[in-house]
>>> print(open('target.cif').read())   # mmCIF, C-alpha atoms
data_model
loop_
_atom_site.label_atom_id
_atom_site.label_comp_id
_atom_site.auth_asym_id
_atom_site.auth_seq_id
_atom_site.Cartn_x
_atom_site.Cartn_y
_atom_site.Cartn_z
CA LEU A 1 -30.14 9.34 20.65
CA SER A 2 -33.76 8.66 19.93
CA PRO A 3 -35.26 6.67 17.04
CA GLY A 4 -35.18 8.70 13.83
CA PHE A 5 -32.23 10.86 14.90
CA PHE A 6 -28.67 10.38 13.75
CA ALA A 7 -25.23 11.65 14.56
CA ARG A 8 -21.78 11.45 13.04
CA MET A 9 -19.23 9.93 15.34
CA ARG A 10 -15.55 9.32 15.00
CA VAL A 11 -14.28 6.53 17.22
CA GLN A 12 -10.61 5.65 17.47
CA GLY A 13 -10.24 1.94 16.70
CA SER A 14 -6.81 1.45 18.25
CA ALA A 15 -3.87 3.31 19.67
CA ALA A 16 -1.29 4.75 17.29
CA HIS A 17 1.07 2.11 15.86
CA ALA A 18 3.73 1.75 13.19
CA ALA A 19 2.34 0.77 9.78
CA THR A 20 3.43 0.40 6.16
CA LEU A 21 1.74 3.02 3.98
CA LEU A 22 1.50 2.99 0.16
CA PRO A 23 -0.28 5.14 -2.40
CA ASP A 24 -3.29 3.42 -3.97
CA ARG A 25 -1.64 3.59 -7.42
CA ALA A 26 0.97 1.06 -6.21
CA ILE A 27 -1.69 -1.54 -5.32
CA GLY A 28 -2.99 -3.68 -8.16
CA ALA A 29 -6.08 -5.88 -8.29
CA ASP A 30 -6.11 -9.46 -9.55
CA GLN A 31 -9.80 -10.45 -9.38
CA ALA A 32 -10.48 -10.57 -5.61
CA GLN A 33 -6.81 -10.27 -4.58
CA ARG A 34 -4.73 -7.13 -4.06
CA PHE A 35 -1.03 -7.19 -4.90
CA VAL A 36 2.08 -5.06 -5.28
CA TRP A 37 5.28 -5.48 -7.28
CA VAL A 38 8.35 -5.73 -5.04
CA VAL A 39 11.95 -5.12 -6.13
CA ASN A 40 14.36 -7.73 -4.71
CA PRO A 41 17.96 -6.82 -3.71
CA ASP A 42 19.16 -8.10 -7.13
CA ASN A 43 16.68 -5.70 -8.88
CA ARG A 44 14.31 -8.48 -9.96
CA ILE A 45 10.55 -8.00 -9.74
CA SER A 46 8.31 -10.29 -7.72
CA TYR A 47 4.55 -10.42 -7.22
CA ARG A 48 3.42 -10.02 -3.60
CA GLN A 49 -0.14 -10.44 -2.36
CA VAL A 50 -1.13 -7.83 0.26
CA THR A 51 -4.06 -7.04 2.50
CA PRO A 52 -4.88 -3.32 2.38
CA GLY A 53 -6.45 -1.55 5.32
CA ALA A 54 -7.69 1.92 6.14
CA ARG A 55 -6.83 5.01 4.15
CA ILE A 56 -4.82 7.76 5.85
CA GLY A 57 -4.72 10.91 3.75
CA GLN A 58 -3.55 9.87 0.27
CA LEU A 59 -1.94 6.64 1.49
CA ARG A 60 -3.32 3.18 2.28
CA VAL A 61 -2.28 1.04 5.28
CA ILE A 62 -0.94 -2.39 4.30
CA ARG A 63 -1.97 -4.88 6.98
CA GLU A 64 -0.25 -8.01 5.65
CA GLY A 65 2.15 -9.04 2.91
CA LEU A 66 5.00 -6.53 3.19
CA GLN A 67 8.00 -6.08 5.43
CA ALA A 68 9.36 -2.69 6.45
CA ASP A 69 12.46 -3.08 4.24
CA ASP A 70 10.62 -4.09 1.03
CA TRP A 71 10.88 -1.77 -1.98
CA VAL A 72 7.58 -1.43 -3.87
CA VAL A 73 7.04 -0.27 -7.45
CA VAL A 74 4.87 2.86 -7.50
CA GLU A 75 5.14 3.99 -11.17
CA GLY A 76 5.06 1.85 -14.32
CA ALA A 77 3.53 -1.24 -12.70
CA GLN A 78 1.44 -2.09 -15.80
CA LYS A 79 4.59 -3.01 -17.77
CA LEU A 80 5.98 -5.50 -15.23
CA LYS A 81 6.17 -9.30 -15.16
CA PRO A 82 7.56 -11.53 -12.41
CA GLY A 83 11.29 -12.15 -12.69
CA ILE A 84 12.30 -9.30 -15.00
CA THR A 85 15.27 -7.11 -14.07
CA VAL A 86 14.71 -3.38 -13.61
CA ALA A 87 16.81 -0.28 -12.92
CA PRO A 88 14.81 1.23 -10.04
CA GLU A 89 14.82 4.88 -9.08
CA ARG A 90 14.27 4.91 -5.34
CA ILE A 91 12.09 7.66 -3.88
CA SER A 92 10.58 8.25 -0.47
CA LEU A 93 6.93 9.08 0.15
CA ASP A 94 5.98 11.85 2.52
CA PRO A 95 3.88 10.62 5.47
CA PRO A 96 0.40 12.12 5.80
CA GLN A 97 -0.20 15.00 8.18
CA GLY A 98 -0.47 13.79 11.78
CA ALA A 99 0.73 10.26 10.98
CA LEU A 100 3.93 10.51 12.99
#
>>> encode(input="target.cif", output="structure tokens")
Amino acid sequence: LSPGFFARMRVQGSAAHAATLLPDRAIGADQAQRFVWVVNPDNRISYRQVTPGARIGQLRVIREGLQADDWVVVEGAQKLKPGITVAPERISLDPPQGAL
């Protein structure tokens, strides 16, 4: 490259690894913090702060704050408060193309 020229490059940052992926609609914002609503085994809601990462297709990588076995609220999050009991309908999200 010479001064004044440019190029688009795509550089792989790391090798493929297992990650937790969520749709952006499941991630809320509380001023500078990002959070999700998690359903406990007794169907109670709890607030969980997360650190989102890169976007892969329509899903966002969650770097910190969730475990692989956590159940996250995707729809109806605006009506929730910590500690309330819910009757969740569990769904699975399809992984993005090439993510596996």
>>> resolve_selection(input="target.cif", expression="the PyMOL selection byres ((chain A and resi 25-41) around 6)", output="list in words")
Pro23, Asp24, Asp42, Asn43, Arg44, Ile45, Ser46, Tyr47, Arg48, Gln49, Val50, Trp71, Val72, Val73 and Val74 of chain A
>>> atom_distance(input="target.cif", atom1="CA of Val61 (chain A)", atom2="CA of Ala16 (chain A)")
12.6 Å
>>> atom_distance(input="target.cif", atom1="CA of Leu22 (chain A)", atom2="CA of Gln58 (chain A)")
8.5 Å
>>> atom_distance(input="target.cif", atom1="CA of Asp69 (chain A)", atom2="CA of Asp94 (chain A)")
16.4 Å
>>> residues_near_point(input="target.cif", point="(-2.8, -10.6, 6.9)", cutoff="8 Å", atoms="all atoms listed in the file", output="VMD selection string")
chain A and resid 50 to 51 63 to 65
>>> closest_residue(input="target.cif", among="A:Lys79, A:Gly13, A:Ile84, A:Arg90", to="Ala54 (chain A)", atoms="only C-alpha atoms")
A:Gly13
>>> residues_around(input="target.cif", residues="Gln67 (chain A)", least_positions_apart="4", cutoff="10 Å", atoms="only C-alpha atoms", output="list of chain:residue names")
A:Ala19, A:Thr20, A:Ile62, A:Trp71
>>> residues_around(input="target.cif", residues="Leu21 (chain A)", least_positions_apart="3", cutoff="9 Å", atoms="only C-alpha atoms", output="list in words")
Arg55, Ile56, Leu59, Arg60, Val61, Ile62, Leu93 and Pro95 of chain A
